[in-house]
$ cat structure07.cif   # mmCIF, N, CA and C atoms
data_coords
loop_
_atom_site.label_atom_id
_atom_site.label_comp_id
_atom_site.auth_asym_id
_atom_site.auth_seq_id
_atom_site.Cartn_x
_atom_site.Cartn_y
_atom_site.Cartn_z
N MET Z 1 109.53 118.15 87.09
CA MET Z 1 108.58 119.22 87.28
C MET Z 1 107.81 119.02 88.58
N ILE Z 2 107.53 120.08 89.24
CA ILE Z 2 106.72 120.04 90.46
C ILE Z 2 105.57 121.03 90.31
N ARG Z 3 104.37 120.57 90.68
CA ARG Z 3 103.19 121.44 90.72
C ARG Z 3 102.67 121.45 92.15
N LEU Z 4 102.26 122.62 92.61
CA LEU Z 4 101.72 122.77 93.96
C LEU Z 4 100.34 123.39 93.91
N SER Z 5 99.45 122.89 94.77
CA SER Z 5 98.16 123.54 94.97
C SER Z 5 98.04 123.82 96.46
N ALA Z 6 96.89 124.25 96.89
CA ALA Z 6 96.72 124.58 98.30
C ALA Z 6 96.86 123.35 99.20
N THR Z 7 96.55 122.16 98.69
CA THR Z 7 96.56 120.96 99.54
C THR Z 7 97.37 119.80 98.98
N ARG Z 8 97.79 119.88 97.71
CA ARG Z 8 98.47 118.75 97.07
C ARG Z 8 99.76 119.20 96.40
N ALA Z 9 100.66 118.26 96.24
CA ALA Z 9 101.89 118.46 95.47
C ALA Z 9 101.97 117.34 94.44
N SER Z 10 102.49 117.66 93.26
CA SER Z 10 102.68 116.67 92.21
C SER Z 10 104.08 116.81 91.64
N VAL Z 11 104.69 115.68 91.35
CA VAL Z 11 105.98 115.67 90.68
C VAL Z 11 105.80 114.82 89.42
N GLY Z 12 106.31 115.33 88.29
CA GLY Z 12 106.06 114.65 87.03
C GLY Z 12 107.26 114.65 86.11
N LYS Z 13 107.12 113.85 85.06
CA LYS Z 13 108.19 113.71 84.06
C LYS Z 13 107.55 113.39 82.71
N PHE Z 14 108.15 113.93 81.66
CA PHE Z 14 107.72 113.63 80.29
C PHE Z 14 108.52 112.44 79.77
N TYR Z 15 107.81 111.53 79.09
CA TYR Z 15 108.45 110.37 78.46
C TYR Z 15 108.12 110.36 76.98
N ARG Z 16 109.13 110.10 76.18
CA ARG Z 16 108.91 109.89 74.74
C ARG Z 16 108.61 108.41 74.55
N ALA Z 17 107.48 108.00 75.08
CA ALA Z 17 107.06 106.60 75.02
C ALA Z 17 105.56 106.55 74.87
N ALA Z 18 105.08 105.43 74.37
CA ALA Z 18 103.64 105.25 74.25
C ALA Z 18 103.01 105.26 75.64
N PRO Z 19 101.95 106.01 75.82
CA PRO Z 19 101.32 106.06 77.14
C PRO Z 19 100.98 104.68 77.71
N LEU Z 20 100.55 103.74 76.86
CA LEU Z 20 100.22 102.41 77.38
C LEU Z 20 101.44 101.64 77.87
N SER Z 21 102.61 101.97 77.34
CA SER Z 21 103.84 101.36 77.86
C SER Z 21 104.11 101.83 79.29
N VAL Z 22 103.92 103.12 79.52
CA VAL Z 22 104.10 103.68 80.86
C VAL Z 22 103.03 103.11 81.79
N TRP Z 23 101.79 103.10 81.33
CA TRP Z 23 100.69 102.56 82.13
C TRP Z 23 100.96 101.11 82.53
N GLY Z 24 101.47 100.33 81.59
CA GLY Z 24 101.78 98.94 81.89
C GLY Z 24 102.79 98.80 83.02
N LEU Z 25 103.81 99.65 83.03
CA LEU Z 25 104.82 99.60 84.09
C LEU Z 25 104.25 99.96 85.46
N ILE Z 26 103.40 100.99 85.49
CA ILE Z 26 102.95 101.47 86.79
C ILE Z 26 101.76 100.69 87.35
N THR Z 27 101.17 99.81 86.53
CA THR Z 27 100.05 99.01 87.03
C THR Z 27 100.40 97.54 87.16
N ASP Z 28 101.58 97.14 86.76
CA ASP Z 28 102.04 95.75 86.86
C ASP Z 28 102.80 95.58 88.17
N THR Z 29 102.20 94.89 89.12
CA THR Z 29 102.82 94.75 90.44
C THR Z 29 104.15 94.01 90.38
N PHE Z 30 104.38 93.21 89.34
CA PHE Z 30 105.68 92.55 89.19
C PHE Z 30 106.78 93.58 88.92
N GLN Z 31 106.41 94.74 88.36
CA GLN Z 31 107.38 95.79 88.01
C GLN Z 31 107.62 96.79 89.13
N TRP Z 32 106.73 96.88 90.10
CA TRP Z 32 106.87 97.90 91.15
C TRP Z 32 108.24 97.90 91.82
N PRO Z 33 108.81 96.74 92.18
CA PRO Z 33 110.14 96.79 92.83
C PRO Z 33 111.24 97.32 91.90
N ARG Z 34 111.02 97.26 90.60
CA ARG Z 34 112.03 97.73 89.66
C ARG Z 34 112.08 99.25 89.60
N TRP Z 35 110.95 99.91 89.86
CA TRP Z 35 110.94 101.38 89.77
C TRP Z 35 110.64 102.07 91.09
N GLY Z 36 110.05 101.40 92.05
CA GLY Z 36 109.69 102.03 93.31
C GLY Z 36 110.79 101.90 94.35
N PRO Z 37 111.47 102.98 94.70
CA PRO Z 37 112.57 102.91 95.67
C PRO Z 37 112.15 102.38 97.05
N THR Z 38 110.88 102.52 97.40
CA THR Z 38 110.43 102.07 98.72
C THR Z 38 109.76 100.70 98.67
N VAL Z 39 109.84 100.01 97.52
CA VAL Z 39 109.19 98.71 97.35
C VAL Z 39 110.24 97.64 97.08
N LYS Z 40 110.38 96.72 98.03
CA LYS Z 40 111.29 95.59 97.84
C LYS Z 40 110.58 94.43 97.13
N SER Z 41 109.33 94.18 97.52
CA SER Z 41 108.52 93.15 96.86
C SER Z 41 107.05 93.45 97.09
N VAL Z 42 106.21 92.73 96.35
CA VAL Z 42 104.76 92.95 96.40
C VAL Z 42 104.05 91.61 96.39
N GLN Z 43 103.01 91.51 97.18
CA GLN Z 43 102.05 90.41 97.09
C GLN Z 43 100.71 91.08 96.82
N CYS Z 44 100.03 90.66 95.75
CA CYS Z 44 98.79 91.33 95.37
C CYS Z 44 97.80 90.33 94.82
N SER Z 45 96.53 90.64 94.99
CA SER Z 45 95.46 89.80 94.45
C SER Z 45 95.44 89.80 92.93
N ASP Z 46 96.04 90.80 92.32
CA ASP Z 46 96.06 90.95 90.86
C ASP Z 46 97.45 91.35 90.42
N ARG Z 47 97.94 90.74 89.34
CA ARG Z 47 99.22 91.20 88.82
C ARG Z 47 99.08 92.63 88.30
N PHE Z 48 98.05 92.88 87.49
CA PHE Z 48 97.76 94.22 86.99
C PHE Z 48 96.62 94.78 87.83
N ILE Z 49 96.91 95.86 88.52
CA ILE Z 49 95.95 96.38 89.48
C ILE Z 49 94.68 96.89 88.81
N ARG Z 50 93.65 96.98 89.61
CA ARG Z 50 92.36 97.55 89.25
C ARG Z 50 91.77 98.10 90.53
N ARG Z 51 90.63 98.78 90.44
CA ARG Z 51 89.98 99.27 91.66
C ARG Z 51 89.66 98.06 92.55
N GLY Z 52 90.05 98.18 93.80
CA GLY Z 52 89.80 97.11 94.76
C GLY Z 52 90.92 96.10 94.91
N SER Z 53 91.95 96.17 94.06
CA SER Z 53 93.09 95.26 94.23
C SER Z 53 93.66 95.47 95.62
N ARG Z 54 93.98 94.36 96.26
CA ARG Z 54 94.53 94.40 97.63
C ARG Z 54 95.81 93.59 97.68
N GLY Z 55 96.66 93.98 98.60
CA GLY Z 55 97.89 93.24 98.78
C GLY Z 55 98.74 93.83 99.86
N GLN Z 56 100.03 93.52 99.75
CA GLN Z 56 101.01 94.01 100.71
C GLN Z 56 102.27 94.41 99.95
N VAL Z 57 102.84 95.53 100.35
CA VAL Z 57 104.16 95.90 99.85
C VAL Z 57 105.14 95.68 100.99
N PHE Z 58 106.32 95.24 100.61
CA PHE Z 58 107.40 95.03 101.57
C PHE Z 58 108.46 96.07 101.28
N THR Z 59 108.82 96.84 102.27
CA THR Z 59 109.81 97.91 102.11
C THR Z 59 111.22 97.33 102.24
N PRO Z 60 112.23 98.07 101.79
CA PRO Z 60 113.61 97.56 101.91
C PRO Z 60 114.01 97.16 103.34
N PRO Z 61 113.54 97.85 104.39
CA PRO Z 61 113.91 97.34 105.73
C PRO Z 61 113.09 96.11 106.15
N GLY Z 62 112.15 95.67 105.28
CA GLY Z 62 111.38 94.47 105.59
C GLY Z 62 110.03 94.73 106.25
N ILE Z 63 109.61 95.96 106.29
CA ILE Z 63 108.30 96.28 106.87
C ILE Z 63 107.22 95.92 105.86
N ARG Z 64 106.20 95.20 106.33
CA ARG Z 64 105.08 94.78 105.48
C ARG Z 64 103.91 95.75 105.69
N LEU Z 65 103.43 96.33 104.59
CA LEU Z 65 102.34 97.30 104.66
C LEU Z 65 101.19 96.87 103.76
N PRO Z 66 99.98 96.76 104.29
CA PRO Z 66 98.83 96.41 103.45
C PRO Z 66 98.43 97.59 102.58
N PHE Z 67 97.88 97.29 101.40
CA PHE Z 67 97.39 98.35 100.52
C PHE Z 67 96.11 97.92 99.84
N VAL Z 68 95.38 98.93 99.38
CA VAL Z 68 94.20 98.72 98.54
C VAL Z 68 94.17 99.84 97.50
N VAL Z 69 93.88 99.48 96.25
CA VAL Z 69 93.71 100.47 95.19
C VAL Z 69 92.31 101.04 95.33
N THR Z 70 92.22 102.32 95.60
CA THR Z 70 90.94 102.96 95.91
C THR Z 70 90.30 103.66 94.71
N GLU Z 71 91.12 104.10 93.77
CA GLU Z 71 90.61 104.76 92.56
C GLU Z 71 91.37 104.22 91.37
N TYR Z 72 90.65 104.06 90.25
CA TYR Z 72 91.28 103.50 89.06
C TYR Z 72 90.49 103.91 87.83
N GLU Z 73 91.16 104.53 86.89
CA GLU Z 73 90.59 104.82 85.58
C GLU Z 73 91.63 104.39 84.56
N TYR Z 74 91.29 103.36 83.78
CA TYR Z 74 92.25 102.74 82.87
C TYR Z 74 93.01 103.79 82.03
N ALA Z 75 94.31 103.63 82.03
CA ALA Z 75 95.24 104.44 81.23
C ALA Z 75 95.22 105.93 81.57
N ARG Z 76 94.68 106.27 82.76
CA ARG Z 76 94.64 107.68 83.15
C ARG Z 76 95.08 107.91 84.59
N PHE Z 77 94.58 107.11 85.53
CA PHE Z 77 94.80 107.44 86.93
C PHE Z 77 94.57 106.23 87.83
N TRP Z 78 95.41 106.13 88.86
CA TRP Z 78 95.09 105.23 89.97
C TRP Z 78 95.69 105.79 91.25
N SER Z 79 95.04 105.48 92.35
CA SER Z 79 95.55 105.87 93.67
C SER Z 79 95.27 104.75 94.65
N TRP Z 80 95.91 104.85 95.78
CA TRP Z 80 95.81 103.76 96.75
C TRP Z 80 95.92 104.27 98.17
N GLU Z 81 95.54 103.40 99.08
CA GLU Z 81 95.78 103.59 100.50
C GLU Z 81 96.81 102.56 100.91
N VAL Z 82 97.79 103.00 101.68
CA VAL Z 82 98.82 102.11 102.21
C VAL Z 82 98.75 102.21 103.72
N ALA Z 83 98.60 101.08 104.38
CA ALA Z 83 98.45 101.05 105.84
C ALA Z 83 97.32 101.99 106.27
N THR Z 84 96.23 101.96 105.53
CA THR Z 84 95.00 102.76 105.74
C THR Z 84 95.18 104.25 105.53
N LEU Z 85 96.32 104.71 105.05
CA LEU Z 85 96.55 106.13 104.78
C LEU Z 85 96.48 106.39 103.28
N LYS Z 86 95.80 107.47 102.89
CA LYS Z 86 95.78 107.84 101.48
C LYS Z 86 97.21 108.12 101.03
N ALA Z 87 97.62 107.41 100.01
CA ALA Z 87 99.01 107.52 99.54
C ALA Z 87 99.03 108.22 98.18
N THR Z 88 100.03 107.94 97.38
CA THR Z 88 100.23 108.65 96.11
C THR Z 88 99.14 108.33 95.09
N GLY Z 89 98.87 109.35 94.28
CA GLY Z 89 98.07 109.18 93.08
C GLY Z 89 99.02 109.11 91.90
N HIS Z 90 98.61 108.42 90.84
CA HIS Z 90 99.44 108.22 89.65
C HIS Z 90 98.62 108.65 88.45
N HIS Z 91 98.99 109.77 87.84
CA HIS Z 91 98.25 110.36 86.73
C HIS Z 91 99.06 110.22 85.44
N LEU Z 92 98.45 109.67 84.42
CA LEU Z 92 99.08 109.58 83.10
C LEU Z 92 98.38 110.57 82.18
N GLN Z 93 99.17 111.42 81.56
CA GLN Z 93 98.64 112.46 80.67
C GLN Z 93 99.24 112.26 79.29
N ALA Z 94 98.44 111.68 78.38
CA ALA Z 94 98.89 111.46 77.01
C ALA Z 94 98.98 112.80 76.29
N ILE Z 95 99.99 112.96 75.45
CA ILE Z 95 100.20 114.17 74.68
C ILE Z 95 99.87 113.87 73.22
N GLU Z 96 99.03 114.70 72.63
CA GLU Z 96 98.55 114.46 71.27
C GLU Z 96 99.69 114.30 70.27
N SER Z 97 100.76 115.06 70.43
CA SER Z 97 101.88 115.00 69.49
C SER Z 97 102.81 113.82 69.75
N GLY Z 98 102.53 113.05 70.80
CA GLY Z 98 103.33 111.86 71.11
C GLY Z 98 103.93 111.94 72.50
N GLY Z 99 104.09 110.80 73.12
CA GLY Z 99 104.65 110.74 74.46
C GLY Z 99 103.59 111.01 75.51
N CYS Z 100 104.05 111.17 76.73
CA CYS Z 100 103.12 111.38 77.84
C CYS Z 100 103.86 111.93 79.05
N TYR Z 101 103.09 112.48 79.96
CA TYR Z 101 103.58 112.87 81.27
C TYR Z 101 103.05 111.88 82.28
N LEU Z 102 103.87 111.56 83.25
CA LEU Z 102 103.44 110.79 84.41
C LEU Z 102 103.62 111.68 85.63
N TRP Z 103 102.57 111.80 86.42
CA TRP Z 103 102.58 112.63 87.63
C TRP Z 103 102.27 111.76 88.83
N PHE Z 104 103.05 111.92 89.88
CA PHE Z 104 102.74 111.33 91.18
C PHE Z 104 102.27 112.48 92.07
N ASP Z 105 101.11 112.31 92.70
CA ASP Z 105 100.67 113.37 93.58
C ASP Z 105 100.53 112.87 95.01
N MET Z 106 100.63 113.82 95.93
CA MET Z 106 100.63 113.50 97.37
C MET Z 106 100.10 114.70 98.13
N PRO Z 107 99.66 114.48 99.38
CA PRO Z 107 99.27 115.63 100.20
C PRO Z 107 100.46 116.57 100.37
N LEU Z 108 100.18 117.85 100.46
CA LEU Z 108 101.25 118.84 100.60
C LEU Z 108 102.15 118.55 101.79
N ILE Z 109 101.58 118.02 102.85
CA ILE Z 109 102.37 117.70 104.04
C ILE Z 109 103.43 116.63 103.75
N ALA Z 110 103.21 115.85 102.69
CA ALA Z 110 104.16 114.79 102.32
C ALA Z 110 105.14 115.24 101.25
N LEU Z 111 105.27 116.54 101.03
CA LEU Z 111 106.15 117.06 99.99
C LEU Z 111 107.56 116.48 100.00
N PRO Z 112 108.18 116.20 101.16
CA PRO Z 112 109.51 115.58 101.11
C PRO Z 112 109.54 114.24 100.35
N TYR Z 113 108.38 113.56 100.28
CA TYR Z 113 108.31 112.30 99.54
C TYR Z 113 108.50 112.52 98.04
N ALA Z 114 108.40 113.76 97.57
CA ALA Z 114 108.62 114.07 96.16
C ALA Z 114 110.01 113.63 95.70
N VAL Z 115 110.98 113.62 96.60
CA VAL Z 115 112.33 113.16 96.26
C VAL Z 115 112.29 111.68 95.86
N ILE Z 116 111.56 110.88 96.60
CA ILE Z 116 111.41 109.45 96.28
C ILE Z 116 110.66 109.30 94.97
N CYS Z 117 109.62 110.11 94.78
CA CYS Z 117 108.85 110.04 93.53
C CYS Z 117 109.72 110.41 92.33
N ARG Z 118 110.59 111.39 92.47
CA ARG Z 118 111.51 111.76 91.39
C ARG Z 118 112.42 110.58 91.04
N MET Z 119 112.90 109.89 92.07
CA MET Z 119 113.73 108.70 91.82
C MET Z 119 112.93 107.66 91.03
N ALA Z 120 111.68 107.46 91.42
CA ALA Z 120 110.84 106.48 90.72
C ALA Z 120 110.62 106.89 89.26
N LEU Z 121 110.35 108.16 89.02
CA LEU Z 121 110.16 108.63 87.65
C LEU Z 121 111.41 108.39 86.81
N ASN Z 122 112.58 108.61 87.37
CA ASN Z 122 113.82 108.37 86.64
C ASN Z 122 114.04 106.88 86.38
N ARG Z 123 113.69 106.04 87.34
CA ARG Z 123 113.82 104.59 87.13
C ARG Z 123 112.87 104.12 86.03
N ILE Z 124 111.66 104.67 86.02
CA ILE Z 124 110.71 104.32 84.96
C ILE Z 124 111.28 104.68 83.60
N GLU Z 125 111.91 105.84 83.50
CA GLU Z 125 112.52 106.24 82.23
C GLU Z 125 113.56 105.20 81.79
N GLY Z 126 114.37 104.73 82.73
CA GLY Z 126 115.35 103.71 82.40
C GLY Z 126 114.71 102.41 81.93
N LEU Z 127 113.62 102.01 82.56
CA LEU Z 127 112.94 100.78 82.17
C LEU Z 127 112.32 100.92 80.79
N LEU Z 128 111.86 102.09 80.44
CA LEU Z 128 111.25 102.32 79.14
C LEU Z 128 112.27 102.26 78.01
N THR Z 129 113.54 102.46 78.33
CA THR Z 129 114.57 102.44 77.29
C THR Z 129 115.33 101.12 77.25
N GLU Z 130 114.93 100.16 78.07
CA GLU Z 130 115.61 98.84 78.05
C GLU Z 130 115.35 98.11 76.76
#
$ encode --input "structure07.cif" --output "structure tokens"
Amino acid sequence: MIRLSATRASVGKFYRAAPLSVWGLITDTFQWPRWGPTVKSVQCSDRFIRRGSRGQVFTPPGIRLPFVVTEYEYARFWSWEVATLKATGHHLQAIESGGCYLWFDMPLIALPYAVICRMALNRIEGLLTE
């Protein structure tokens, strides 16, 4: 699914999984290389991120990029800056009847990155069924 606003784009997926299972995957820096197509490895001050967590992501070509988690609300949302640029937001939407949606949002100008986000959402689905 894709949602568009005047300034932002979001790509999301529904999972038949406990929201905290999804939250655990997207906040555990040890798991990021397993689901993030642009993340080869991570060095972070915290294994499980929180507001203010800092570190570096290493991309598949070996480029090292510093990051900081700028916003964090447990089991609902986190966002970060990568190389001082506002990067993706990660929204978890629990569904009362069970399961949840995970949304990655980005500035509208970064809409082509939605393809990478879709890949990440699909990888997360695979990890949830392991």
$ closest_residue --input "structure07.cif" --among "Z:Ala120, Z:Val115, Z:Leu4, Z:Ala17" --to "Tyr101 in chain Z" --atoms "all atoms listed in the file"
Z:Ala17
$ select_by_dssp --input "structure07.cif" --residues "chain Z" --states "alpha helix (DSSP H)" --output "list in words"
Pro19, Leu20, Ser21, Val22, Trp23, Gly24, Leu25, Ile26, Thr27, Trp32, Pro33, Arg34, Trp35, Ala114, Val115, Ile116, Cys117, Arg118, Met119, Ala120, Leu121, Asn122, Arg123, Ile124, Glu125, Gly126, Leu127 and Leu128 of chain Z
$ resolve_selection --input "structure07.cif" --expression "the PyMOL selection byres (((chain Z and resi 50 and name CA) around 10) and name CA)" --output "JSON, numbers by chain"
{"Z": [27, 45, 46, 47, 48, 49, 51, 52, 53, 54, 68, 69, 70, 71, 72, 73, 74, 78, 79]}
$ closest_residue --input "structure07.cif" --among "Z:Pro112, Z:Gly36, Z:Gly99, Z:Gly126" --to "Phe14 in chain Z" --atoms "all atoms listed in the file"
Z:Gly99
$ atom_distance --input "structure07.cif" --atom1 "atom C of Ala110 in chain Z" --atom2 "CA of Leu92 in chain Z"
20.0 Å
$ resolve_selection --input "structure07.cif" --expression "the PyMOL selection byres (((chain Z and resi 86 and name CA) around 10) and name CA)" --output "PyMOL selection string"
chain Z and resi 67-70+79-85+87-89+106-107
$ resolve_selection --input "structure07.cif" --expression "the PyMOL selection byres ((chain Z and resi 19) around 8)" --output "CSV table (one decimal) with N, CA and C atoms, in the coordinates of the input"
chain,number,residue,atom,x,y,z
Z,15,TYR,N,107.8,111.5,79.1
Z,15,TYR,CA,108.4,110.4,78.5
Z,15,TYR,C,108.1,110.4,77.0
Z,16,ARG,N,109.1,110.1,76.2
Z,16,ARG,CA,108.9,109.9,74.7
Z,16,ARG,C,108.6,108.4,74.6
Z,17,ALA,N,107.5,108.0,75.1
Z,17,ALA,CA,107.1,106.6,75.0
Z,17,ALA,C,105.6,106.6,74.9
Z,18,ALA,N,105.1,105.4,74.4
Z,18,ALA,CA,103.6,105.2,74.2
Z,18,ALA,C,103.0,105.3,75.6
Z,20,LEU,N,100.6,103.7,76.9
Z,20,LEU,CA,100.2,102.4,77.4
Z,20,LEU,C,101.4,101.6,77.9
Z,21,SER,N,102.6,102.0,77.3
Z,21,SER,CA,103.8,101.4,77.9
Z,21,SER,C,104.1,101.8,79.3
Z,22,VAL,N,103.9,103.1,79.5
Z,22,VAL,CA,104.1,103.7,80.9
Z,22,VAL,C,103.0,103.1,81.8
Z,23,TRP,N,101.8,103.1,81.3
Z,23,TRP,CA,100.7,102.6,82.1
Z,23,TRP,C,101.0,101.1,82.5
Z,24,GLY,N,101.5,100.3,81.6
Z,24,GLY,CA,101.8,98.9,81.9
Z,24,GLY,C,102.8,98.8,83.0
Z,25,LEU,N,103.8,99.6,83.0
Z,25,LEU,CA,104.8,99.6,84.1
Z,25,LEU,C,104.2,100.0,85.5
Z,75,ALA,N,94.3,103.6,82.0
Z,75,ALA,CA,95.2,104.4,81.2
Z,75,ALA,C,95.2,105.9,81.6
Z,92,LEU,N,98.4,109.7,84.4
Z,92,LEU,CA,99.1,109.6,83.1
Z,92,LEU,C,98.4,110.6,82.2
Z,93,GLN,N,99.2,111.4,81.6
Z,93,GLN,CA,98.6,112.5,80.7
Z,93,GLN,C,99.2,112.3,79.3
Z,94,ALA,N,98.4,111.7,78.4
Z,94,ALA,CA,98.9,111.5,77.0
Z,94,ALA,C,99.0,112.8,76.3
Z,95,ILE,N,100.0,113.0,75.4
Z,95,ILE,CA,100.2,114.2,74.7
Z,95,ILE,C,99.9,113.9,73.2
Z,98,GLY,N,102.5,113.0,70.8
Z,98,GLY,CA,103.3,111.9,71.1
Z,98,GLY,C,103.9,111.9,72.5
Z,99,GLY,N,104.1,110.8,73.1
Z,99,GLY,CA,104.6,110.7,74.5
Z,99,GLY,C,103.6,111.0,75.5
Z,100,CYS,N,104.0,111.2,76.7
Z,100,CYS,CA,103.1,111.4,77.8
Z,100,CYS,C,103.9,111.9,79.0
Z,101,TYR,N,103.1,112.5,80.0
Z,101,TYR,CA,103.6,112.9,81.3
Z,101,TYR,C,103.0,111.9,82.3
$ select_by_dssp --input "structure07.cif" --residues "chain Z" --states "strand (DSSP E)" --output "ChimeraX atom specification"
/Z:2-4,8-15,41-44,54-58,64-73,77-82,85-94,100-107
$ atom_distance --input "structure07.cif" --atom1 "CA of Thr29 in chain Z" --atom2 "CA of Val42 in chain Z"
6.5 Å
$ atom_distance --input "structure07.cif" --atom1 "atom C of Pro33 in chain Z" --atom2 "CA of Leu65 in chain Z"
15.6 Å
$ build_atoms --input "structure07.cif" --residues "range 99-118 of chain Z" --atoms "N, CA, C and O atoms" --output "PDB file, keeping the file's coordinate frame"
ATOM      1  N   GLY Z  99     104.090 110.800  73.120  1.00  0.00           N
ATOM      2  CA  GLY Z  99     104.650 110.740  74.460  1.00  0.00           C
ATOM      3  C   GLY Z  99     103.590 111.010  75.510  1.00  0.00           C
ATOM      4  O   GLY Z  99     102.380 111.073  75.218  1.00  0.00           O
ATOM      5  N   CYS Z 100     104.050 111.170  76.730  1.00  0.00           N
ATOM      6  CA  CYS Z 100     103.120 111.380  77.840  1.00  0.00           C
ATOM      7  C   CYS Z 100     103.860 111.930  79.050  1.00  0.00           C
ATOM      8  O   CYS Z 100     105.082 111.851  79.140  1.00  0.00           O
ATOM      9  N   TYR Z 101     103.090 112.480  79.960  1.00  0.00           N
ATOM     10  CA  TYR Z 101     103.580 112.870  81.270  1.00  0.00           C
ATOM     11  C   TYR Z 101     103.050 111.880  82.280  1.00  0.00           C
ATOM     12  O   TYR Z 101     101.905 111.437  82.192  1.00  0.00           O
ATOM     13  N   LEU Z 102     103.870 111.560  83.250  1.00  0.00           N
ATOM     14  CA  LEU Z 102     103.440 110.790  84.410  1.00  0.00           C
ATOM     15  C   LEU Z 102     103.620 111.680  85.630  1.00  0.00           C
ATOM     16  O   LEU Z 102     104.698 112.256  85.822  1.00  0.00           O
ATOM     17  N   TRP Z 103     102.570 111.800  86.420  1.00  0.00           N
ATOM     18  CA  TRP Z 103     102.580 112.630  87.630  1.00  0.00           C
ATOM     19  C   TRP Z 103     102.270 111.760  88.830  1.00  0.00           C
ATOM     20  O   TRP Z 103     101.352 110.953  88.804  1.00  0.00           O
ATOM     21  N   PHE Z 104     103.050 111.920  89.880  1.00  0.00           N
ATOM     22  CA  PHE Z 104     102.740 111.330  91.180  1.00  0.00           C
ATOM     23  C   PHE Z 104     102.270 112.480  92.070  1.00  0.00           C
ATOM     24  O   PHE Z 104     102.956 113.499  92.168  1.00  0.00           O
ATOM     25  N   ASP Z 105     101.110 112.310  92.700  1.00  0.00           N
ATOM     26  CA  ASP Z 105     100.670 113.370  93.580  1.00  0.00           C
ATOM     27  C   ASP Z 105     100.530 112.870  95.010  1.00  0.00           C
ATOM     28  O   ASP Z 105     100.393 111.673  95.252  1.00  0.00           O
ATOM     29  N   MET Z 106     100.630 113.820  95.930  1.00  0.00           N
ATOM     30  CA  MET Z 106     100.630 113.500  97.370  1.00  0.00           C
ATOM     31  C   MET Z 106     100.100 114.700  98.130  1.00  0.00           C
ATOM     32  O   MET Z 106     100.095 115.813  97.606  1.00  0.00           O
ATOM     33  N   PRO Z 107      99.660 114.480  99.380  1.00  0.00           N
ATOM     34  CA  PRO Z 107      99.270 115.630 100.200  1.00  0.00           C
ATOM     35  C   PRO Z 107     100.460 116.570 100.370  1.00  0.00           C
ATOM     36  O   PRO Z 107     101.614 116.128 100.425  1.00  0.00           O
ATOM     37  N   LEU Z 108     100.180 117.850 100.460  1.00  0.00           N
ATOM     38  CA  LEU Z 108     101.250 118.840 100.600  1.00  0.00           C
ATOM     39  C   LEU Z 108     102.150 118.550 101.790  1.00  0.00           C
ATOM     40  O   LEU Z 108     103.361 118.748 101.727  1.00  0.00           O
ATOM     41  N   ILE Z 109     101.580 118.020 102.850  1.00  0.00           N
ATOM     42  CA  ILE Z 109     102.370 117.700 104.040  1.00  0.00           C
ATOM     43  C   ILE Z 109     103.430 116.630 103.750  1.00  0.00           C
ATOM     44  O   ILE Z 109     104.434 116.529 104.432  1.00  0.00           O
ATOM     45  N   ALA Z 110     103.210 115.850 102.690  1.00  0.00           N
ATOM     46  CA  ALA Z 110     104.160 114.790 102.320  1.00  0.00           C
ATOM     47  C   ALA Z 110     105.140 115.240 101.250  1.00  0.00           C
ATOM     48  O   ALA Z 110     105.811 114.415 100.626  1.00  0.00           O
ATOM     49  N   LEU Z 111     105.270 116.540 101.030  1.00  0.00           N
ATOM     50  CA  LEU Z 111     106.150 117.060  99.990  1.00  0.00           C
ATOM     51  C   LEU Z 111     107.560 116.480 100.000  1.00  0.00           C
ATOM     52  O   LEU Z 111     108.125 116.219  98.936  1.00  0.00           O
ATOM     53  N   PRO Z 112     108.180 116.200 101.160  1.00  0.00           N
ATOM     54  CA  PRO Z 112     109.510 115.580 101.110  1.00  0.00           C
ATOM     55  C   PRO Z 112     109.540 114.240 100.350  1.00  0.00           C
ATOM     56  O   PRO Z 112     110.564 113.851  99.810  1.00  0.00           O
ATOM     57  N   TYR Z 113     108.380 113.560 100.280  1.00  0.00           N
ATOM     58  CA  TYR Z 113     108.310 112.300  99.540  1.00  0.00           C
ATOM     59  C   TYR Z 113     108.500 112.520  98.040  1.00  0.00           C
ATOM     60  O   TYR Z 113     108.780 111.579  97.297  1.00  0.00           O
ATOM     61  N   ALA Z 114     108.400 113.760  97.570  1.00  0.00           N
ATOM     62  CA  ALA Z 114     108.620 114.070  96.160  1.00  0.00           C
ATOM     63  C   ALA Z 114     110.010 113.630  95.700  1.00  0.00           C
ATOM     64  O   ALA Z 114     110.200 113.287  94.539  1.00  0.00           O
ATOM     65  N   VAL Z 115     110.980 113.620  96.600  1.00  0.00           N
ATOM     66  CA  VAL Z 115     112.330 113.160  96.260  1.00  0.00           C
ATOM     67  C   VAL Z 115     112.290 111.680  95.860  1.00  0.00           C
ATOM     68  O   VAL Z 115     112.898 111.276  94.866  1.00  0.00           O
ATOM     69  N   ILE Z 116     111.560 110.880  96.600  1.00  0.00           N
ATOM     70  CA  ILE Z 116     111.410 109.450  96.280  1.00  0.00           C
ATOM     71  C   ILE Z 116     110.660 109.300  94.970  1.00  0.00           C
ATOM     72  O   ILE Z 116     111.023 108.459  94.125  1.00  0.00           O
ATOM     73  N   CYS Z 117     109.620 110.110  94.780  1.00  0.00           N
ATOM     74  CA  CYS Z 117     108.850 110.040  93.530  1.00  0.00           C
ATOM     75  C   CYS Z 117     109.720 110.410  92.330  1.00  0.00           C
ATOM     76  O   CYS Z 117     109.614 109.789  91.264  1.00  0.00           O
ATOM     77  N   ARG Z 118     110.590 111.390  92.470  1.00  0.00           N
ATOM     78  CA  ARG Z 118     111.510 111.760  91.390  1.00  0.00           C
ATOM     79  C   ARG Z 118     112.420 110.580  91.040  1.00  0.00           C
ATOM     80  O   ARG Z 118     112.682 110.298  89.885  1.00  0.00           O
TER      81      ARG Z 118
END
